[in-house]
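Before any comments, here is the structure.
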4 protein chains.
Amino acid sequence: MTITPPALSVFESLESEVRSYCRSWPAVFDRAQGARLTDEDGHSYLDFFAGAGSLNYGHNNPVLKRALIDYIERDGITHGLDMATTAKRAFLETFENVILRPRDLPYKVMFPGPTGTNAVESALKLARKVKGRESVVSFTNAFHGMSLGSLAVTGNAFKRAGAGIPLVHGTPMPFDNYFDGQVPDFLWFERLLEDQGSGLNKPAAVIVETVQGEGGINVARAEWLRALQELCHRQDMLLIVDDIQMGCGRTGGFFSFEEAGIVPDIVTLSKSISGYGLPMSLCLFKGELDVWEPGEHNGTFRGNNPAFVTAAATLDAYWADGQMEKQTLARGEQVEQTLLAICGEEETAQFRGRGLVWGLEFTDPERASAVCKRAFELGLLLETSGPQSEVVKLLPPLTVTPEELDEGLRTLARSVRETA
Amino acid sequence: MTITPPALSVFESLESEVRSYCRSWPAVFDRAQGARLTDEDGHSYLDFFAGAGSLNYGHNNPVLKRALIDYIERDGITHGLDMATTAKRAFLETFENVILRPRDLPYKVMFPGPTGTNAVESALKLARKVKGRESVVSFTNAFHGMSLGSLAVTGNAFKRAGAGIPLVHGTPMPFDNYFDGQVPDFLWFERLLEDQGSGLNKPAAVIVETVQGEGGINVARAEWLRALQELCHRQDMLLIVDDIQMGCGRTGGFFSFEEAGIVPDIVTLSKSISGYGLPMSLCLFKGELDVWEPGEHNGTFRGNNPAFVTAAATLDAYWADGQMEKQTLARGEQVEQTLLAICGEEETAQFRGRGLVWGLEFTDPERASAVCKRAFELGLLLETSGPQSEVVKLLPPLTVTPEELDEGLRTLARSVRETA
Amino acid sequence: MTITPPALSVFESLESEVRSYCRSWPAVFDRAQGARLTDEDGHSYLDFFAGAGSLNYGHNNPVLKRALIDYIERDGITHGLDMATTAKRAFLETFENVILRPRDLPYKVMFPGPTGTNAVESALKLARKVKGRESVVSFTNAFHGMSLGSLAVTGNAFKRAGAGIPLVHGTPMPFDNYFDGQVPDFLWFERLLEDQGSGLNKPAAVIVETVQGEGGINVARAEWLRALQELCHRQDMLLIVDDIQMGCGRTGGFFSFEEAGIVPDIVTLSKSISGYGLPMSLCLFKGELDVWEPGEHNGTFRGNNPAFVTAAATLDAYWADGQMEKQTLARGEQVEQTLLAICGEEETAQFRGRGLVWGLEFTDPERASAVCKRAFELGLLLETSGPQSEVVKLLPPLTVTPEELDEGLRTLARSVRETA
Amino acid sequence: MTITPPALSVFESLESEVRSYCRSWPAVFDRAQGARLTDEDGHSYLDFFAGAGSLNYGHNNPVLKRALIDYIERDGITHGLDMATTAKRAFLETFENVILRPRDLPYKVMFPGPTGTNAVESALKLARKVKGRESVVSFTNAFHGMSLGSLAVTGNAFKRAGAGIPLVHGTPMPFDNYFDGQVPDFLWFERLLEDQGSGLNKPAAVIVETVQGEGGINVARAEWLRALQELCHRQDMLLIVDDIQMGCGRTGGFFSFEEAGIVPDIVTLSKSISGYGLPMSLCLFKGELDVWEPGEHNGTFRGNNPAFVTAAATLDAYWADGQMEKQTLARGEQVEQTLLAICGEEETAQFRGRGLVWGLEFTDPERASAVCKRAFELGLLLETSGPQSEVVKLLPPLTVTPEELDEGLRTLARSVRETA
């Protein structure tokens, strides 16, 4: 009798070895609504991952879905490069009225291409052009993207090695609390800048995440961010806040830097800006930095108009008042309570976070993976982060209900217990 | 009486100076269908630009639109990173069955992020990893994208300067016919490779467009492409065909390199791969080159599932038989006849092209811009290309009707006459 | 009556503006012997500068002079590239017998060209070849030379800017005591190396001076050097000691690192290695690192045979026993006593040093220059160093007599007083 | 009976594997005079290599020797950094009076360190500073030195690989006759410069040798050099002539570019400038380019005063009238006649050259090495050059007598015959 080995799925036979999430979550997903995905076998999963922060308003949010379908139905412009369109105008006006003006933010808006790394590349180009210097300072465990410009300011050694060329023009500095308080903030960075013999190439800019998502949910304190802004002013460097994962309400306010009261020179947004998981990104910068020549940076998918439609809808629906922020902070407290309890039981774990982004770090990196694996079996999507994948990352949709949150947190606690 | 100056539009007041197409085409577009756009004042425009090659199947193609709305309606996964989804599987299977297998192409498929420059960055990374060398050869007047890796192999001096850092690890070689036949093909390139004293850093790969779109509609001959492939084999370099603008049927066959009978080691696709103008790109490579580690290259919007749905629909609708290719070639002949006539009347013009991509070059670069400006006034969208913007580029949807094509070509001819 | 302005000297009219020492010391020097120079007007100057450390045995040392003239008289090979010569053999044998063997140092000897920067360039090349990595770590305020490879690991911002290209592939780390003891040694460096998310490109090697001469006479402690060596071993990086200025007895022992009991993987020597101020340099490395191919690094003046002759003579005359080291340490104590007294009187000054290299730092950088200027008027040659030129550097010949030393130190003390 | 293997010489046991000439010429040289060296066993060798062009006036030239010994005897300054000295002044005045003024050359003089690569590094720095661009164009098979700046504009792949980092900021262009006349001069280079889409980074400068010594004795025609100068002027690039090997009379005139009637913006000199094989180099540049800040480029051995003494003596002795040039051209004709005869007999050989630098190229690269090996056995020193070491290089001292020249040429002819 001949045994026929089961056919390889097309994912295994045709898709490149580079695929990764599908390895951790061996299911074929079919539909999704709010905080839940359903696979083709009808199993349901609670999503505490939210498209790596791209689905702050949940999957296929009904408000946005309506606007999106209406737009497609009526043959609105889909692909618009950087032509003027009614959808783009509506987005710009809403963004100005709902986001920029109430916060008194003096920004021009650039559509640099639809992905986060497009936004980061454009931010770095602009900073270098304005200052006439090549070097940019980033921070330990930063993540800014996979194209060569962004990768050069990203910390992860494995990702960096993928470049195939030496990544230069960037220098890492210690992120907040990198030395557990042993060293005064900015001691090293400031000394290098002030010392004409230090060997540091004078930076055009500093690029920072207020909370490092991929880096392990490292939360910069407000006073650290303010001191960084002051250092940038003193040393004639531009401050770029990469708010791709932490912006759009993830930490509470629309921008993650609002709480610190700083006004970065350049801000990048992507992930949840369209609200529906559609590719879109923005690069914002102070008006006086708008030294671009027409077409100096371009790209085919800068004008993803369906994304503009859902983006404008999110602003109208969620940001016209302060409800969203309040709710996020309340949900965050709910998470914090559970993590406190978990870490009370499990000594090798500690947690940190802000708003609705939290990390649960284990002394043993294997443990974090085991927790995520067990959670998946129990129907909860969770990812690890950090240089050793030692942190379980909690990133539920901001629209998660208290009940869903409670359900997910109970599954997390159970997964921790069952992997002890 | 006080005259109030008209308020600046939000495009002028809020959007960055980097915007460009909206300057050439001062209208606010609202809807589109097939080969026509309509602005908010109800004016209709015939589109011979097709989203810079992203709308080969026309705007809001009804077949694709139906599939897209159905998918959204039923809450199909929108944002999927690189999770396995039913939409992705359907696309992969269709791509294999309709495109790869009939052409006997031995490729693995990578989803490198949704834009062309993501695909190029991943292709360059992979080539460097496989060969362990940094240098990549590109061609004069090449265009591969705006992120730093892609920009380093792009020719345009103005775009390059935007990098703000010296762009290195790339060397340009003469594209086909760069010297109007005065110099044997590859004489310079091959000599540099063979001469151990030449000073050329040995390249990992060569990246080429079969027809340079942004570079001025420069068409490589089939024999030149074959000789390039042979040179790559002889000199242990990978051959990357960037088919982002010329693939998906633009030149007739699905891949632009089919006609030459070559099999590149790596192929990039984007623009019209989704068919609906939705951001999507692919990097294809021979199976033995699939040395990626899981997650070595990643990105948030790799899994734009609505795009997978429309992409699969285009393959089913247009590529299951040879009709599309035949039709494109027929339409191309129609264009060629008109260009022949125009150049008969206008001595300072000459033309070139393949399939449905054509260029009309003027001795005086100002003239090309004038022609496009006049065409716009007459309701036809046309863009220039080439290093001096000296070429009027014709890039109508492949689905354009003979009547629309005729209408547009007549407008073009009139614009040429009226700008003489 | 017309007054004719004095003719510009040929130095001013013909020599480039890059000239510098001749500006601080406006005299035309003619002859020199031991610790004294004489200008063309017959004025005598005591030399506490010693050719920036190239004249440890004094000017035109009679023992070496005899050997040199004999060699020239008998038509010994002058220019020998890397041919075998009797003079080179004699040097190699003496170097092995007098220097390497008694210290149990496992080094091969390379003649990389006659200047310090040639030696550093060869050391960096070798380290990169051995480890297959590009990056090299240097220290704040390091000085390693002016050619591009060496300049990239040099700290001084003014010199770095001269490169005209971005200097990359190097990262500065804090030298010993850079934070006045506020921060544990190597905290930053080690953390970056251990953290896979730090963003530091893994270094092939670390290059260090045991005492930074140009950087301001910063003295690394023996325990710091030992800890650095351990860190290099632990992290698979090569340790390069640049002993160009501090070697050849300047700090007491022949190599400046002997006192710390470390054995660097690679050592560079130049300046006083020939003993007579003739251009010569060496690159020493452990035998297992000798992976050079024949001719992989070369240079026209590698075989400066007259320098080999005087070099061998210095080893025979000064290093066959321990007298030289003892004498240097004794002279050093003499200097230390005076500096102690000066700093007792002058509160804004502090001093540091080892062997016969000492620095007197002033809070006000202008003061250091004023002291050197006054000293010159009083017949003493002294140079400043440090990033702000805030340190008066004492570098007398090792062969200085106690009386000369006393005379010079008295002049220094007077210069300090008179510039208060 | 135990057989003791012969002890390794110290060259083999202690010197690095990088040594190379001593491998081709297995003798230990002891003395030298004029065109002859003597090894320690008393064998005499005729020198057609002349220290790779550093001994144009022969070994230990008596006129220079006298001046050198006198200077040393009277304790003249040996090591002077860039202090003003009487020896330096004498050299500068002589250089101005004998070399610059009679040729109407508008140069300032810089002492960049004593080796050729120091001079090239300073030339590149200056060009980049003046033009504010990073890129420099060099030519196929160029050789400019081994430090990183110079190596980046050097052609040899083996030497380049030694860098251990990617060598960037340089682009090779075809040297004169690189395509045996198939391609118009500068077609490729000029086209790249003029085409704004070419992808060539606009160069700050072009660096060229008039005759490529290491590259295989490739002789640029005067008209090619003139056209290159014109191209540089037209395209705002500085022209750097690296005259390190071909200057100081090697091709006839003092500068090798005199014959072409060009005036480079920057000129490097080294090798035979001291005349005695002592390390020395110069960087000359037009006065308006002298934008150096004091000390912006420096180096320990810039003031090798004994070399200034012999350098001034060569100018007085050989360049005060036109005799030297005339004699060199006459000797060159003598060489040419012999090479003509050799190539008449040996069909696989061809020759080329100018003044007293000639190359005899063989179709089979092994043959060139065999000829040099046989010549050594017959007492004649000859080296190969070219990317495949396929060229026997003739570089006798300019002071060689007709009889010595005849003797050497006869040995060469015999070596060619005996290796057939």
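So you can find residues: chains in the structure tokens are A, B, ... in the order shown, residues in each start at 1, and ligands are numbered from 1 in order.
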May I have the residues of chain B within 12 Å of chain C, counting only C-alpha atoms, written as an mmCIF file with all heavy atoms, in the first residue's frame?
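What ended up in iface-v4.cif:
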```cif
data_model
loop_
_atom_site.group_PDB
_atom_site.id
_atom_site.type_symbol
_atom_site.label_atom_id
_atom_site.label_comp_id
_atom_site.auth_asym_id
_atom_site.auth_seq_id
_atom_site.Cartn_x
_atom_site.Cartn_y
_atom_site.Cartn_z
ATOM 1 N N GLY B 132 26.521 37.693 -1.522
ATOM 2 C CA GLY B 132 27.524 38.201 -0.581
ATOM 3 C C GLY B 132 28.312 39.381 -1.108
ATOM 4 O O GLY B 132 29.468 39.584 -0.742
ATOM 5 N N GLY B 164 19.885 63.054 0.395
ATOM 6 C CA GLY B 164 20.584 63.728 1.487
ATOM 7 C C GLY B 164 21.803 62.988 1.986
ATOM 8 O O GLY B 164 22.478 63.434 2.901
ATOM 9 N N ILE B 165 22.079 61.851 1.422
ATOM 10 C CA ILE B 165 23.329 61.121 1.697
ATOM 11 C C ILE B 165 23.875 60.692 0.346
ATOM 12 O O ILE B 165 23.129 60.588 -0.619
ATOM 13 C CB ILE B 165 23.131 59.869 2.579
ATOM 14 C CG1 ILE B 165 22.155 58.889 1.914
ATOM 15 C CG2 ILE B 165 22.641 60.229 3.970
ATOM 16 C CD1 ILE B 165 22.197 57.510 2.526
ATOM 17 N N PRO B 166 25.190 60.446 0.261
ATOM 18 C CA PRO B 166 25.725 59.948 -1.012
ATOM 19 C C PRO B 166 25.140 58.563 -1.301
ATOM 20 O O PRO B 166 25.138 57.702 -0.424
ATOM 21 C CB PRO B 166 27.239 59.858 -0.755
ATOM 22 C CG PRO B 166 27.504 60.634 0.491
ATOM 23 C CD PRO B 166 26.237 60.622 1.285
ATOM 24 N N LEU B 167 24.637 58.390 -2.502
ATOM 25 C CA LEU B 167 24.071 57.097 -2.886
ATOM 26 C C LEU B 167 25.169 56.249 -3.496
ATOM 27 O O LEU B 167 25.708 56.590 -4.554
ATOM 28 C CB LEU B 167 22.926 57.303 -3.873
ATOM 29 C CG LEU B 167 21.712 58.003 -3.261
ATOM 30 C CD1 LEU B 167 20.683 58.312 -4.334
ATOM 31 C CD2 LEU B 167 21.090 57.166 -2.155
ATOM 32 N N VAL B 168 25.498 55.174 -2.845
ATOM 33 C CA VAL B 168 26.626 54.365 -3.287
ATOM 34 C C VAL B 168 26.179 52.917 -3.497
ATOM 35 O O VAL B 168 25.008 52.621 -3.454
ATOM 36 C CB VAL B 168 27.785 54.471 -2.276
ATOM 37 C CG1 VAL B 168 28.297 55.913 -2.202
ATOM 38 C CG2 VAL B 168 27.337 54.026 -0.889
#
```
Write out as a list of chain:residue names which residues come within 10 Å of Ser9 (chain D) when counting only C-alpha atoms, dropping same-chain ones fewer than 5 positions away.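 Counting only C-alpha atoms, the residues come to C:Arg89, C:Glu93, D:Leu14, D:Glu15.
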Excluding Gln182 (chain B) and its own-chain neighbours fewer than 4 positions away, which residues fall within 10 Å of it when counting only C-alpha atoms? Please give them as a PyMOL selection string. (chain B and resi 177-178) or (chain D and resi 182-184+187)
Work out how far apart CA of Val309 (chain B) and CA of Met280 (chain B) are and give it in Å to one decimal. 11.1 Å
Just checking: using only C-alpha atoms, which residue out of A:Arg354, A:Phe143, A:Glu17, A:Arg417 ends up closest to Val335 (chain A)? A:Arg354
Shell around Phe95 (chain C) at 12 Å using only C-alpha atoms, local window under 3 positions removed, as a PDB file with N, CA and C atoms, in the first residue's frame:
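Result went into part_36.pdb, see below:
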```
ATOM      1  N   LYS C  88      67.743  45.529   6.841  1.00  0.00           N
ATOM      2  CA  LYS C  88      66.430  45.110   7.319  1.00  0.00           C
ATOM      3  C   LYS C  88      66.559  43.864   8.182  1.00  0.00           C
ATOM      4  N   ARG C  89      67.423  42.953   7.748  1.00  0.00           N
ATOM      5  CA  ARG C  89      67.623  41.742   8.543  1.00  0.00           C
ATOM      6  C   ARG C  89      68.168  42.074   9.925  1.00  0.00           C
ATOM      7  N   ALA C  90      69.124  42.989   9.935  1.00  0.00           N
ATOM      8  CA  ALA C  90      69.698  43.372  11.228  1.00  0.00           C
ATOM      9  C   ALA C  90      68.624  43.981  12.125  1.00  0.00           C
ATOM     10  N   PHE C  91      67.786  44.805  11.544  1.00  0.00           N
ATOM     11  CA  PHE C  91      66.720  45.390  12.360  1.00  0.00           C
ATOM     12  C   PHE C  91      65.783  44.309  12.884  1.00  0.00           C
ATOM     13  N   LEU C  92      65.345  43.424  11.988  1.00  0.00           N
ATOM     14  CA  LEU C  92      64.390  42.383  12.404  1.00  0.00           C
ATOM     15  C   LEU C  92      64.981  41.517  13.511  1.00  0.00           C
ATOM     16  N   VAL C  98      65.773  41.893  21.154  1.00  0.00           N
ATOM     17  CA  VAL C  98      65.767  42.904  22.221  1.00  0.00           C
ATOM     18  C   VAL C  98      64.356  43.214  22.702  1.00  0.00           C
ATOM     19  N   ILE C  99      63.421  43.194  21.775  1.00  0.00           N
ATOM     20  CA  ILE C  99      62.067  43.634  22.151  1.00  0.00           C
ATOM     21  C   ILE C  99      61.085  42.469  22.299  1.00  0.00           C
ATOM     22  N   LEU C 100      60.875  41.699  21.245  1.00  0.00           N
ATOM     23  CA  LEU C 100      59.799  40.707  21.279  1.00  0.00           C
ATOM     24  C   LEU C 100      60.079  39.543  22.226  1.00  0.00           C
ATOM     25  N   ARG C 101      61.254  38.920  22.045  1.00  0.00           N
ATOM     26  CA  ARG C 101      61.510  37.692  22.799  1.00  0.00           C
ATOM     27  C   ARG C 101      61.519  37.918  24.318  1.00  0.00           C
ATOM     28  N   PRO C 102      62.247  38.937  24.815  1.00  0.00           N
ATOM     29  CA  PRO C 102      62.251  39.142  26.276  1.00  0.00           C
ATOM     30  C   PRO C 102      60.860  39.413  26.841  1.00  0.00           C
ATOM     31  N   ARG C 103      59.977  39.924  26.020  1.00  0.00           N
ATOM     32  CA  ARG C 103      58.609  40.231  26.502  1.00  0.00           C
ATOM     33  C   ARG C 103      57.627  39.120  26.118  1.00  0.00           C
ATOM     34  N   LEU C 105      56.401  38.238  23.323  1.00  0.00           N
ATOM     35  CA  LEU C 105      55.319  38.748  22.483  1.00  0.00           C
ATOM     36  C   LEU C 105      55.281  37.973  21.167  1.00  0.00           C
ATOM     37  N   TYR C 107      54.494  38.194  18.053  1.00  0.00           N
ATOM     38  CA  TYR C 107      54.105  39.012  16.908  1.00  0.00           C
ATOM     39  C   TYR C 107      54.886  38.713  15.639  1.00  0.00           C
ATOM     40  N   LYS C 108      54.172  38.792  14.519  1.00  0.00           N
ATOM     41  CA  LYS C 108      54.795  38.946  13.213  1.00  0.00           C
ATOM     42  C   LYS C 108      54.955  40.452  12.972  1.00  0.00           C
ATOM     43  N   VAL C 109      55.869  40.792  12.069  1.00  0.00           N
ATOM     44  CA  VAL C 109      56.197  42.196  11.824  1.00  0.00           C
ATOM     45  C   VAL C 109      55.880  42.557  10.379  1.00  0.00           C
ATOM     46  N   CYS C 248      57.730  52.965  22.117  1.00  0.00           N
ATOM     47  CA  CYS C 248      59.156  53.303  22.053  1.00  0.00           C
ATOM     48  C   CYS C 248      59.587  54.037  23.320  1.00  0.00           C
ATOM     49  N   PHE C 254      59.003  49.702  26.795  1.00  0.00           N
ATOM     50  CA  PHE C 254      59.080  49.936  25.353  1.00  0.00           C
ATOM     51  C   PHE C 254      57.684  50.107  24.770  1.00  0.00           C
ATOM     52  N   ILE C 273      60.202  54.981  16.353  1.00  0.00           N
ATOM     53  CA  ILE C 273      60.774  53.654  16.112  1.00  0.00           C
ATOM     54  C   ILE C 273      62.130  53.756  15.397  1.00  0.00           C
ATOM     55  N   SER C 274      62.288  54.717  14.470  1.00  0.00           N
ATOM     56  CA  SER C 274      63.599  54.875  13.825  1.00  0.00           C
ATOM     57  C   SER C 274      64.576  55.598  14.747  1.00  0.00           C
ATOM     58  N   LEU C 282      55.714  50.344  11.869  1.00  0.00           N
ATOM     59  CA  LEU C 282      55.535  48.902  11.930  1.00  0.00           C
ATOM     60  C   LEU C 282      54.099  48.582  12.299  1.00  0.00           C
ATOM     61  N   LEU C 284      52.446  45.252  14.045  1.00  0.00           N
ATOM     62  CA  LEU C 284      52.727  43.953  14.657  1.00  0.00           C
ATOM     63  C   LEU C 284      51.408  43.232  14.902  1.00  0.00           C
ATOM     64  N   PHE C 308      66.000  51.773   9.225  1.00  0.00           N
ATOM     65  CA  PHE C 308      66.219  50.467   9.872  1.00  0.00           C
ATOM     66  C   PHE C 308      67.543  50.483  10.639  1.00  0.00           C
ATOM     67  N   VAL C 309      68.516  51.159  10.040  1.00  0.00           N
ATOM     68  CA  VAL C 309      69.837  51.220  10.667  1.00  0.00           C
ATOM     69  C   VAL C 309      69.769  51.967  11.992  1.00  0.00           C
ATOM     70  N   ALA C 311      67.098  52.558  13.712  1.00  0.00           N
ATOM     71  CA  ALA C 311      66.174  51.840  14.601  1.00  0.00           C
ATOM     72  C   ALA C 311      66.901  50.728  15.340  1.00  0.00           C
ATOM     73  N   ALA C 312      67.686  49.936  14.589  1.00  0.00           N
ATOM     74  CA  ALA C 312      68.427  48.851  15.246  1.00  0.00           C
ATOM     75  C   ALA C 312      69.400  49.435  16.269  1.00  0.00           C
ATOM     76  N   ALA C 313      69.997  50.570  15.908  1.00  0.00           N
ATOM     77  CA  ALA C 313      70.952  51.193  16.833  1.00  0.00           C
ATOM     78  C   ALA C 313      70.273  51.643  18.128  1.00  0.00           C
ATOM     79  N   THR C 314      69.039  52.159  18.034  1.00  0.00           N
ATOM     80  CA  THR C 314      68.364  52.564  19.286  1.00  0.00           C
ATOM     81  C   THR C 314      68.098  51.365  20.180  1.00  0.00           C
ATOM     82  N   LEU C 315      67.729  50.266  19.552  1.00  0.00           N
ATOM     83  CA  LEU C 315      67.401  49.090  20.365  1.00  0.00           C
ATOM     84  C   LEU C 315      68.643  48.598  21.102  1.00  0.00           C
ATOM     85  N   ASP C 316      69.754  48.523  20.362  1.00  0.00           N
ATOM     86  CA  ASP C 316      71.006  48.095  20.986  1.00  0.00           C
ATOM     87  C   ASP C 316      71.443  49.053  22.088  1.00  0.00           C
ATOM     88  N   TRP C 319      67.757  49.670  24.744  1.00  0.00           N
ATOM     89  CA  TRP C 319      66.747  48.719  25.211  1.00  0.00           C
ATOM     90  C   TRP C 319      67.292  47.340  25.545  1.00  0.00           C
ATOM     91  N   ALA C 320      68.630  47.216  25.504  1.00  0.00           N
ATOM     92  CA  ALA C 320      69.202  45.912  25.826  1.00  0.00           C
ATOM     93  C   ALA C 320      69.090  45.625  27.323  1.00  0.00           C
TER      94      ALA C 320
ATOM     95  N   VAL D  10      65.074  35.128   9.132  1.00  0.00           N
ATOM     96  CA  VAL D  10      64.202  35.992   9.927  1.00  0.00           C
ATOM     97  C   VAL D  10      63.115  36.607   9.044  1.00  0.00           C
ATOM     98  N   LEU D  14      59.763  35.895  10.779  1.00  0.00           N
ATOM     99  CA  LEU D  14      59.256  37.041  11.540  1.00  0.00           C
ATOM    100  C   LEU D  14      58.445  38.013  10.699  1.00  0.00           C
ATOM    101  N   GLU D  15      58.829  38.174   9.430  1.00  0.00           N
ATOM    102  CA  GLU D  15      58.123  39.181   8.642  1.00  0.00           C
ATOM    103  C   GLU D  15      56.789  38.615   8.129  1.00  0.00           C
TER     104      GLU D  15
END
```
